[in-house]
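To be precise, the following lines are target-v4.cif, and they hold mmCIF, C-alpha atoms, pLDDT in the B column; chains and numbers go by the auth columns.
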```
data_query
#
loop_
_atom_site.group_PDB
_atom_site.id
_atom_site.type_symbol
_atom_site.label_atom_id
_atom_site.label_comp_id
_atom_site.label_asym_id
_atom_site.label_seq_id
_atom_site.Cartn_x
_atom_site.Cartn_y
_atom_site.Cartn_z
_atom_site.B_iso_or_equiv
_atom_site.auth_seq_id
_atom_site.auth_asym_id
ATOM 1 C CA MET A 1 153.880 50.559 -124.248 89.00 1 A
ATOM 2 C CA ASP A 2 150.799 52.520 -125.210 90.00 2 A
ATOM 3 C CA GLY A 3 150.222 55.427 -127.544 92.00 3 A
ATOM 4 C CA ASN A 4 152.185 54.693 -130.726 90.00 4 A
ATOM 5 C CA GLY A 5 149.163 55.113 -132.988 90.00 5 A
ATOM 6 C CA ARG A 6 147.970 58.282 -131.313 94.00 6 A
ATOM 7 C CA TRP A 7 151.477 59.733 -131.459 94.00 7 A
ATOM 8 C CA ALA A 8 151.454 59.310 -135.239 94.00 8 A
ATOM 9 C CA GLU A 9 147.871 60.474 -135.752 95.00 9 A
ATOM 10 C CA ARG A 10 148.520 63.705 -133.859 95.00 10 A
ATOM 11 C CA ARG A 11 151.266 64.396 -136.381 96.00 11 A
ATOM 12 C CA GLY A 12 149.147 63.484 -139.387 96.00 12 A
ATOM 13 C CA GLN A 13 151.203 60.364 -140.049 95.00 13 A
ATOM 14 C CA PRO A 14 150.257 56.681 -140.513 92.00 14 A
ATOM 15 C CA ARG A 15 150.042 54.598 -137.340 90.00 15 A
ATOM 16 C CA ALA A 16 152.934 52.477 -138.640 88.00 16 A
ATOM 17 C CA ILE A 17 155.235 55.485 -138.205 92.00 17 A
ATOM 18 C CA GLY A 18 154.250 55.638 -134.546 90.00 18 A
ATOM 19 C CA HIS A 19 155.096 51.972 -134.070 89.00 19 A
ATOM 20 C CA ARG A 20 158.502 52.520 -135.653 89.00 20 A
ATOM 21 C CA LYS A 21 159.096 55.443 -133.330 92.00 21 A
ATOM 22 C CA GLY A 22 158.026 53.176 -130.482 91.00 22 A
ATOM 23 C CA VAL A 23 160.900 50.822 -131.302 90.00 23 A
ATOM 24 C CA GLU A 24 163.299 53.683 -130.564 92.00 24 A
ATOM 25 C CA ALA A 25 161.617 54.090 -127.180 93.00 25 A
ATOM 26 C CA VAL A 26 162.231 50.391 -126.564 92.00 26 A
ATOM 27 C CA ARG A 27 165.936 50.932 -127.096 91.00 27 A
ATOM 28 C CA ASN A 28 165.871 53.885 -124.694 92.00 28 A
ATOM 29 C CA ALA A 29 164.068 51.796 -122.067 95.00 29 A
ATOM 30 C CA VAL A 30 166.529 48.917 -122.346 94.00 30 A
ATOM 31 C CA LYS A 31 169.454 51.306 -122.028 94.00 31 A
ATOM 32 C CA ALA A 32 167.930 53.113 -119.047 95.00 32 A
ATOM 33 C CA ALA A 33 167.109 49.835 -117.309 96.00 33 A
ATOM 34 C CA GLY A 34 170.703 48.664 -117.575 94.00 34 A
ATOM 35 C CA GLU A 35 172.106 51.983 -116.403 94.00 35 A
ATOM 36 C CA ASN A 36 169.814 52.105 -113.351 95.00 36 A
ATOM 37 C CA GLY A 37 170.382 48.583 -112.066 94.00 37 A
ATOM 38 C CA VAL A 38 167.066 47.088 -113.180 96.00 38 A
ATOM 39 C CA LYS A 39 167.459 43.313 -113.470 97.00 39 A
ATOM 40 C CA TYR A 40 164.152 42.470 -115.192 98.00 40 A
ATOM 41 C CA LEU A 41 162.406 44.632 -117.774 98.00 41 A
ATOM 42 C CA THR A 42 159.159 43.282 -119.223 97.00 42 A
ATOM 43 C CA LEU A 43 157.722 44.919 -122.330 95.00 43 A
ATOM 44 C CA PHE A 44 154.114 44.271 -123.391 93.00 44 A
ATOM 45 C CA ALA A 45 154.895 44.069 -127.094 88.00 45 A
ATOM 46 C CA PHE A 46 151.806 42.367 -128.528 88.00 46 A
ATOM 47 C CA SER A 47 148.746 41.209 -126.628 89.00 47 A
ATOM 48 C CA SER A 48 146.539 38.238 -127.455 90.00 48 A
ATOM 49 C CA GLU A 49 143.805 40.806 -128.205 87.00 49 A
ATOM 50 C CA ASN A 50 145.924 42.776 -130.682 86.00 50 A
ATOM 51 C CA TRP A 51 145.086 40.274 -133.423 88.00 51 A
ATOM 52 C CA ASN A 52 141.736 42.098 -133.603 87.00 52 A
ATOM 53 C CA ARG A 53 143.405 45.203 -135.011 86.00 53 A
ATOM 54 C CA PRO A 54 143.286 45.942 -138.759 86.00 54 A
ATOM 55 C CA GLN A 55 145.226 43.342 -140.732 88.00 55 A
ATOM 56 C CA GLN A 56 147.642 45.903 -142.155 85.00 56 A
ATOM 57 C CA GLU A 57 148.543 47.183 -138.680 84.00 57 A
ATOM 58 C CA VAL A 58 149.113 43.629 -137.422 86.00 58 A
ATOM 59 C CA SER A 59 151.319 42.993 -140.443 86.00 59 A
ATOM 60 C CA ASP A 60 153.283 46.179 -139.718 81.00 60 A
ATOM 61 C CA LEU A 61 153.788 45.102 -136.101 82.00 61 A
ATOM 62 C CA MET A 62 155.046 41.673 -137.173 84.00 62 A
ATOM 63 C CA GLY A 63 157.450 43.376 -139.547 82.00 63 A
ATOM 64 C CA LEU A 64 158.740 45.596 -136.754 80.00 64 A
ATOM 65 C CA LEU A 65 159.344 42.579 -134.529 83.00 65 A
ATOM 66 C CA LYS A 66 161.417 40.969 -137.271 83.00 66 A
ATOM 67 C CA PHE A 67 163.287 44.238 -137.836 80.00 67 A
ATOM 68 C CA PHE A 68 164.018 44.667 -134.122 82.00 68 A
ATOM 69 C CA VAL A 69 165.310 41.127 -133.641 81.00 69 A
ATOM 70 C CA ARG A 70 167.452 41.149 -136.780 82.00 70 A
ATOM 71 C CA ARG A 71 168.950 44.574 -136.082 84.00 71 A
ATOM 72 C CA ASP A 72 169.235 44.611 -132.298 89.00 72 A
ATOM 73 C CA LEU A 73 169.716 41.009 -131.201 92.00 73 A
ATOM 74 C CA ALA A 74 173.475 41.000 -131.758 91.00 74 A
ATOM 75 C CA GLU A 75 173.862 44.218 -129.759 92.00 75 A
ATOM 76 C CA LEU A 76 171.708 42.899 -126.920 94.00 76 A
ATOM 77 C CA HIS A 77 173.826 39.764 -126.863 95.00 77 A
ATOM 78 C CA ASN A 78 177.056 41.778 -126.785 94.00 78 A
ATOM 79 C CA GLU A 79 175.670 43.768 -123.849 94.00 79 A
ATOM 80 C CA ASN A 80 175.040 40.523 -121.934 96.00 80 A
ATOM 81 C CA VAL A 81 171.236 40.930 -122.083 96.00 81 A
ATOM 82 C CA ARG A 82 169.173 37.772 -121.805 96.00 82 A
ATOM 83 C CA VAL A 83 165.921 37.667 -123.779 96.00 83 A
ATOM 84 C CA HIS A 84 162.877 35.790 -122.494 96.00 84 A
ATOM 85 C CA VAL A 85 159.610 35.527 -124.424 95.00 85 A
ATOM 86 C CA ILE A 86 156.287 34.953 -122.653 96.00 86 A
ATOM 87 C CA GLY A 87 152.937 34.321 -124.274 96.00 87 A
ATOM 88 C CA ASP A 88 151.135 31.611 -126.201 95.00 88 A
ATOM 89 C CA ARG A 89 153.276 30.367 -129.085 92.00 89 A
ATOM 90 C CA ARG A 90 150.651 28.080 -130.544 90.00 90 A
ATOM 91 C CA GLY A 91 149.524 29.229 -133.969 84.00 91 A
ATOM 92 C CA LEU A 92 152.382 31.682 -134.524 88.00 92 A
ATOM 93 C CA SER A 93 153.828 31.680 -138.013 90.00 93 A
ATOM 94 C CA ALA A 94 157.019 29.675 -138.490 92.00 94 A
ATOM 95 C CA ASP A 95 159.159 32.740 -139.234 90.00 95 A
ATOM 96 C CA ILE A 96 158.028 34.607 -136.105 91.00 96 A
ATOM 97 C CA LEU A 97 158.447 31.518 -133.931 92.00 97 A
ATOM 98 C CA ALA A 98 161.948 30.983 -135.306 92.00 98 A
ATOM 99 C CA LEU A 99 162.951 34.557 -134.465 91.00 99 A
ATOM 100 C CA LEU A 100 161.681 34.301 -130.894 93.00 100 A
ATOM 101 C CA THR A 101 163.480 30.995 -130.399 94.00 101 A
ATOM 102 C CA GLU A 102 166.691 32.377 -131.872 94.00 102 A
ATOM 103 C CA ALA A 103 166.624 35.371 -129.518 94.00 103 A
ATOM 104 C CA GLU A 104 166.203 33.132 -126.472 96.00 104 A
ATOM 105 C CA ASP A 105 168.744 30.525 -127.524 96.00 105 A
ATOM 106 C CA LEU A 106 171.455 33.023 -128.424 95.00 106 A
ATOM 107 C CA THR A 107 171.200 34.958 -125.149 96.00 107 A
ATOM 108 C CA ARG A 108 170.396 32.095 -122.777 96.00 108 A
ATOM 109 C CA GLU A 109 173.700 32.290 -120.862 97.00 109 A
ATOM 110 C CA ASN A 110 173.735 36.083 -120.490 97.00 110 A
ATOM 111 C CA THR A 111 173.656 37.433 -116.958 95.00 111 A
ATOM 112 C CA ALA A 112 173.013 41.195 -117.043 94.00 112 A
ATOM 113 C CA LEU A 113 169.570 42.602 -117.781 96.00 113 A
ATOM 114 C CA ASN A 114 166.738 40.125 -118.351 97.00 114 A
ATOM 115 C CA LEU A 115 164.607 41.524 -121.173 97.00 115 A
ATOM 116 C CA VAL A 116 161.178 39.850 -121.109 97.00 116 A
ATOM 117 C CA ILE A 117 159.091 40.261 -124.250 94.00 117 A
ATOM 118 C CA ALA A 118 155.363 39.623 -123.760 94.00 118 A
ATOM 119 C CA PHE A 119 154.271 38.541 -127.235 93.00 119 A
ATOM 120 C CA ASN A 120 150.819 37.130 -128.011 92.00 120 A
ATOM 121 C CA TYR A 121 150.363 37.446 -124.262 95.00 121 A
ATOM 122 C CA GLY A 122 147.239 37.920 -122.169 96.00 122 A
ATOM 123 C CA GLY A 123 146.994 37.659 -118.393 97.00 123 A
ATOM 124 C CA ARG A 124 143.764 35.675 -118.429 97.00 124 A
ATOM 125 C CA ASP A 125 145.115 33.383 -121.117 96.00 125 A
ATOM 126 C CA ASP A 126 148.251 32.840 -119.033 98.00 126 A
ATOM 127 C CA VAL A 127 146.183 31.783 -116.003 98.00 127 A
ATOM 128 C CA THR A 128 143.882 29.667 -118.181 97.00 128 A
ATOM 129 C CA ARG A 129 146.786 27.755 -119.697 97.00 129 A
ATOM 130 C CA ALA A 130 148.330 27.266 -116.249 98.00 130 A
ATOM 131 C CA THR A 131 145.010 25.944 -114.931 98.00 131 A
ATOM 132 C CA ARG A 132 144.774 23.527 -117.834 97.00 132 A
ATOM 133 C CA THR A 133 148.293 22.253 -117.105 97.00 133 A
ATOM 134 C CA ILE A 134 147.482 21.674 -113.441 98.00 134 A
ATOM 135 C CA ALA A 135 144.210 19.932 -114.345 98.00 135 A
ATOM 136 C CA GLN A 136 146.088 17.570 -116.635 98.00 136 A
ATOM 137 C CA LYS A 137 148.580 16.767 -113.866 97.00 137 A
ATOM 138 C CA VAL A 138 145.706 16.098 -111.459 98.00 138 A
ATOM 139 C CA ALA A 139 144.086 13.767 -114.012 98.00 139 A
ATOM 140 C CA GLN A 140 147.374 11.898 -114.365 98.00 140 A
ATOM 141 C CA GLY A 141 147.704 11.546 -110.600 97.00 141 A
ATOM 142 C CA LEU A 142 150.798 13.743 -110.497 97.00 142 A
ATOM 143 C CA VAL A 143 149.210 16.495 -108.374 96.00 143 A
ATOM 144 C CA ASP A 144 146.979 16.141 -105.314 97.00 144 A
ATOM 145 C CA PRO A 145 144.183 18.753 -105.606 97.00 145 A
ATOM 146 C CA ALA A 146 144.296 19.258 -101.847 97.00 146 A
ATOM 147 C CA ARG A 147 147.937 20.345 -102.137 97.00 147 A
ATOM 148 C CA ILE A 148 147.517 22.965 -104.838 97.00 148 A
ATOM 149 C CA THR A 149 148.957 26.251 -103.585 98.00 149 A
ATOM 150 C CA GLU A 150 149.634 29.693 -105.005 97.00 150 A
ATOM 151 C CA GLN A 151 153.142 28.467 -105.776 97.00 151 A
ATOM 152 C CA THR A 152 151.695 25.574 -107.765 97.00 152 A
ATOM 153 C CA ILE A 153 149.906 28.064 -109.995 98.00 153 A
ATOM 154 C CA SER A 154 152.892 30.404 -110.246 98.00 154 A
ATOM 155 C CA ASP A 155 155.094 27.525 -111.331 98.00 155 A
ATOM 156 C CA CYS A 156 152.807 26.865 -114.305 98.00 156 A
ATOM 157 C CA LEU A 157 152.616 30.441 -115.557 98.00 157 A
ATOM 158 C CA ASP A 158 154.733 31.779 -118.403 97.00 158 A
ATOM 159 C CA THR A 159 156.731 33.718 -115.791 98.00 159 A
ATOM 160 C CA ALA A 160 157.599 30.683 -113.650 97.00 160 A
ATOM 161 C CA ASP A 161 161.304 31.598 -113.533 94.00 161 A
ATOM 162 C CA ILE A 162 160.789 35.370 -113.495 97.00 162 A
ATOM 163 C CA PRO A 163 160.165 37.477 -110.355 97.00 163 A
ATOM 164 C CA ASP A 164 156.833 39.257 -109.989 97.00 164 A
ATOM 165 C CA PRO A 165 157.099 42.879 -111.173 97.00 165 A
ATOM 166 C CA ASP A 166 157.864 45.494 -108.531 97.00 166 A
ATOM 167 C CA LEU A 167 156.747 48.361 -110.743 98.00 167 A
ATOM 168 C CA ILE A 168 154.388 48.568 -113.719 98.00 168 A
ATOM 169 C CA ILE A 169 154.527 51.699 -115.875 97.00 169 A
ATOM 170 C CA ARG A 170 151.799 52.510 -118.373 96.00 170 A
ATOM 171 C CA THR A 171 152.102 55.384 -120.798 95.00 171 A
ATOM 172 C CA SER A 172 149.579 57.505 -122.740 94.00 172 A
ATOM 173 C CA GLY A 173 147.335 58.401 -119.794 93.00 173 A
ATOM 174 C CA GLU A 174 145.391 55.122 -119.820 92.00 174 A
ATOM 175 C CA MET A 175 144.659 53.969 -116.257 94.00 175 A
ATOM 176 C CA ARG A 176 143.949 50.289 -116.565 93.00 176 A
ATOM 177 C CA ILE A 177 145.954 47.065 -116.562 93.00 177 A
ATOM 178 C CA SER A 178 144.634 45.768 -119.901 93.00 178 A
ATOM 179 C CA ASN A 179 145.151 42.068 -119.172 95.00 179 A
ATOM 180 C CA PHE A 180 148.866 42.388 -118.360 96.00 180 A
ATOM 181 C CA LEU A 181 150.414 40.024 -115.778 97.00 181 A
ATOM 182 C CA LEU A 182 147.164 39.751 -113.815 97.00 182 A
ATOM 183 C CA TRP A 183 148.373 37.140 -111.321 98.00 183 A
ATOM 184 C CA GLN A 184 151.901 38.481 -111.066 98.00 184 A
ATOM 185 C CA SER A 185 150.936 42.108 -110.410 97.00 185 A
ATOM 186 C CA ALA A 186 149.003 41.459 -107.183 96.00 186 A
ATOM 187 C CA TYR A 187 151.393 43.656 -105.183 96.00 187 A
ATOM 188 C CA SER A 188 153.056 45.670 -107.921 97.00 188 A
ATOM 189 C CA GLU A 189 153.288 49.421 -107.729 97.00 189 A
ATOM 190 C CA PHE A 190 151.670 51.263 -110.648 97.00 190 A
ATOM 191 C CA ILE A 191 152.670 54.496 -112.328 97.00 191 A
ATOM 192 C CA PHE A 192 150.478 55.969 -115.076 97.00 192 A
ATOM 193 C CA LEU A 193 152.163 58.536 -117.280 96.00 193 A
ATOM 194 C CA PRO A 194 150.496 61.026 -119.634 96.00 194 A
ATOM 195 C CA CYS A 195 153.258 60.795 -122.234 95.00 195 A
ATOM 196 C CA LEU A 196 152.760 58.576 -125.267 96.00 196 A
ATOM 197 C CA TRP A 197 155.138 55.638 -125.586 95.00 197 A
ATOM 198 C CA PRO A 198 157.290 57.134 -128.392 95.00 198 A
ATOM 199 C CA ASP A 199 158.040 60.043 -126.037 96.00 199 A
ATOM 200 C CA PHE A 200 159.058 57.750 -123.174 96.00 200 A
ATOM 201 C CA ASP A 201 162.779 58.391 -122.816 95.00 201 A
ATOM 202 C CA GLU A 202 165.489 57.755 -120.260 94.00 202 A
ATOM 203 C CA GLU A 203 164.490 60.814 -118.240 95.00 203 A
ATOM 204 C CA GLU A 204 160.890 59.590 -117.975 95.00 204 A
ATOM 205 C CA PHE A 205 162.199 56.193 -116.867 96.00 205 A
ATOM 206 C CA ARG A 206 164.386 57.730 -114.167 95.00 206 A
ATOM 207 C CA LYS A 207 161.489 59.865 -112.911 96.00 207 A
ATOM 208 C CA ALA A 208 159.305 56.755 -112.632 96.00 208 A
ATOM 209 C CA LEU A 209 162.014 54.900 -110.717 97.00 209 A
ATOM 210 C CA LYS A 210 162.445 57.872 -108.396 96.00 210 A
ATOM 211 C CA GLU A 211 158.715 57.921 -107.656 97.00 211 A
ATOM 212 C CA TYR A 212 158.746 54.167 -107.075 97.00 212 A
ATOM 213 C CA ALA A 213 161.587 54.554 -104.576 96.00 213 A
ATOM 214 C CA CYS A 214 159.310 56.763 -102.454 95.00 214 A
ATOM 215 C CA ARG A 215 156.477 54.221 -102.306 94.00 215 A
ATOM 216 C CA ASP A 216 155.710 52.426 -99.034 92.00 216 A
ATOM 217 C CA ARG A 217 155.353 48.767 -99.988 89.00 217 A
ATOM 218 C CA ARG A 218 153.572 46.861 -97.188 80.00 218 A
ATOM 219 C CA PHE A 219 152.339 43.709 -98.959 83.00 219 A
ATOM 220 C CA GLY A 220 149.248 43.656 -96.763 81.00 220 A
ATOM 221 C CA ALA A 221 151.138 44.233 -93.512 73.00 221 A
ATOM 222 C CA THR A 222 151.594 47.386 -91.450 63.00 222 A
ATOM 223 C CA THR A 223 154.553 49.595 -92.271 63.00 223 A
ATOM 224 C CA ASP A 224 156.534 48.408 -89.238 61.00 224 A
ATOM 225 C CA ARG A 225 156.015 44.699 -89.976 59.00 225 A
ATOM 226 C CA ALA A 226 156.752 45.119 -93.658 59.00 226 A
ATOM 227 C CA ALA A 227 160.003 46.874 -92.796 60.00 227 A
ATOM 228 C CA ALA A 228 160.947 44.132 -90.334 59.00 228 A
ATOM 229 C CA ALA A 229 160.261 41.420 -92.909 57.00 229 A
ATOM 230 C CA ALA A 230 162.473 43.166 -95.441 58.00 230 A
ATOM 231 C CA THR A 231 165.465 43.219 -93.105 53.00 231 A
#
```

Would you write out, as structure tokens, the structure that this file holds?
Amino acid sequence: MDGNGRWAERRGQPRAIGHRKGVEAVRNAVKAAGENGVKYLTLFAFSSENWNRPQQEVSDLMGLLKFFVRRDLAELHNENVRVHVIGDRRGLSADILALLTEAEDLTRENTALNLVIAFNYGGRDDVTRATRTIAQKVAQGLVDPARITEQTISDCLDTADIPDPDLIIRTSGEMRISNFLLWQSAYSEFIFLPCLWPDFDEEEFRKALKEYACRDRRFGATTDRAAAAAT
């Protein structure tokens, strides 16, 4: 979800206004996902590198998270949306941690859209923490190093119970992954949009899904074999 600050700056407004406008785009994305049959929607809300931003901007972003959860959680719950939070929770303030836990606990039994919030998340950090977990299990004799597989690693990532993303959309014209779901996105399709995140609406979402539907996903195989494996 990129471009909130630039959206505001182009209008001569503080970056915080762009972030607030970005929250409206989040609501649009959640609505569009539900209407178009998307089962998992992952939003990169706050990266592990975003702590390096100016303190006031970080504070504004924390305030927006609190505002979103307090205002929208009940509605998400009523719409049968389940909230998952991925990312490193160590060192988070008690009030933020409590909000994230509340969102997950309240919606745990919901069965419609799975809304995954990547908060204090970084792809390299995710893999590093998974590696540390596996190393500890090896040291305890619980895992045989010779039997470590890709699935072993996947099972220790924050997304252990979440499917790998089929499609990754990045707004604002930036054409890089920026440390998002590095392991999980090995065979994802990518769409890079010129629009800034606050301008990402339901129509933009539908256009991205339409383009995705035209992609030929082979997963390393030829088209014929990929098609046979999918049937």

Any chance you could work out the residue set of the PyMOL selection byres ((chain A and resi 194-204) around 7) here, as a ChimeraX atom specification? /A:1-4,7,21-22,25,28-29,32,171-173,192-193,205-208

Quick one: which region 135-180 of chain A residues come within 10 Å of region 42-59 of chain A, and what is the nearest atom pair for each with the distance in Å to one decimal, counting only C-alpha atoms, rows ordered by chain and ascending number, as a tab-separated table?
```
residue	atom	partner	partner_atom	distance
A:Ile162	CA	A:Thr42	CA	9.9
A:Pro165	CA	A:Thr42	CA	8.3
A:Ile168	CA	A:Thr42	CA	9.0
A:Ile169	CA	A:Leu43	CA	9.9
A:Arg170	CA	A:Phe44	CA	9.9
A:Ser178	CA	A:Ser47	CA	9.1
A:Asn179	CA	A:Ser47	CA	8.3
A:Phe180	CA	A:Phe44	CA	7.5
```

Around all the atoms of region 21-26 of chain A listed in the file, with 4 Å of room on each side, what axis-aligned box do you get, giving centre and edge lengths in Å to one decimal, as lines of an AutoDock Vina configuration file?
```
center_x = 160.7
center_y = 52.9
center_z = -129.9
size_x = 13.3
size_y = 13.1
size_z = 14.8
```

Could you please give me, as a PyMOL selection string, the residues of protein, DNA or RNA lying at most 9 Å from (156.7, 34.8, -123.7) in the coordinate frame of the file, considering all atoms listed in the file? chain A and resi 84-89+100+116-121+158-159

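Counting all atoms listed in the file, the residue from A:Val38, A:Asp60, A:Gln184, A:Gly141 that sits nearest to Asp161 (chain A) is A:Gln184.
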
For the file shown, what are the residues hit by the PyMOL selection byres ((chain A and resi 16) around 8), laid out as a count of residues only? 11

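Atom to atom, CA of Glu24 (chain A) and CA of Leu41 (chain A) stand 15.7 Å apart.
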
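Compared by their closest atoms to Gly63 (chain A), and using all atoms listed in the file, the residues A:Glu35, A:Glu102, A:Glu79, A:Asp95 rank with A:Asp95 nearest.
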
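Atom to atom, CA of Val138 (chain A) and CA of Asp125 (chain A) stand 19.8 Å apart.
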
Target residues per the PyMOL selection byres ((chain A and resi 103-109) around 12), formatted as number ranges by chain: A: 65-66, 68-86, 96-102, 110-117

Residues of the last selection are to be written out with C-alpha atoms, as a tab-separated table (two decimals), in the frame of the given file.
```
chain	number	residue	atom	x	y	z
A	65	LEU	CA	159.34	42.58	-134.53
A	66	LYS	CA	161.42	40.97	-137.27
A	68	PHE	CA	164.02	44.67	-134.12
A	69	VAL	CA	165.31	41.13	-133.64
A	70	ARG	CA	167.45	41.15	-136.78
A	71	ARG	CA	168.95	44.57	-136.08
A	72	ASP	CA	169.24	44.61	-132.30
A	73	LEU	CA	169.72	41.01	-131.20
A	74	ALA	CA	173.48	41.00	-131.76
A	75	GLU	CA	173.86	44.22	-129.76
A	76	LEU	CA	171.71	42.90	-126.92
A	77	HIS	CA	173.83	39.76	-126.86
A	78	ASN	CA	177.06	41.78	-126.78
A	79	GLU	CA	175.67	43.77	-123.85
A	80	ASN	CA	175.04	40.52	-121.93
A	81	VAL	CA	171.24	40.93	-122.08
A	82	ARG	CA	169.17	37.77	-121.80
A	83	VAL	CA	165.92	37.67	-123.78
A	84	HIS	CA	162.88	35.79	-122.49
A	85	VAL	CA	159.61	35.53	-124.42
A	86	ILE	CA	156.29	34.95	-122.65
A	96	ILE	CA	158.03	34.61	-136.10
A	97	LEU	CA	158.45	31.52	-133.93
A	98	ALA	CA	161.95	30.98	-135.31
A	99	LEU	CA	162.95	34.56	-134.46
A	100	LEU	CA	161.68	34.30	-130.89
A	101	THR	CA	163.48	31.00	-130.40
A	102	GLU	CA	166.69	32.38	-131.87
A	110	ASN	CA	173.74	36.08	-120.49
A	111	THR	CA	173.66	37.43	-116.96
A	112	ALA	CA	173.01	41.20	-117.04
A	113	LEU	CA	169.57	42.60	-117.78
A	114	ASN	CA	166.74	40.12	-118.35
A	115	LEU	CA	164.61	41.52	-121.17
A	116	VAL	CA	161.18	39.85	-121.11
A	117	ILE	CA	159.09	40.26	-124.25
```

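Residue neighbourhood of Ala186 (chain A), excluding near-sequence residues (fewer than 3 positions): Asp164, Pro165, Asp166, Leu181, Leu182, Trp183, Glu189 and Phe219 of chain A, at 10 Å, using only C-alpha atoms.
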
In Å to one decimal, how far is CA of Phe67 (chain A) from CA of Gly91 (chain A)? 20.7 Å
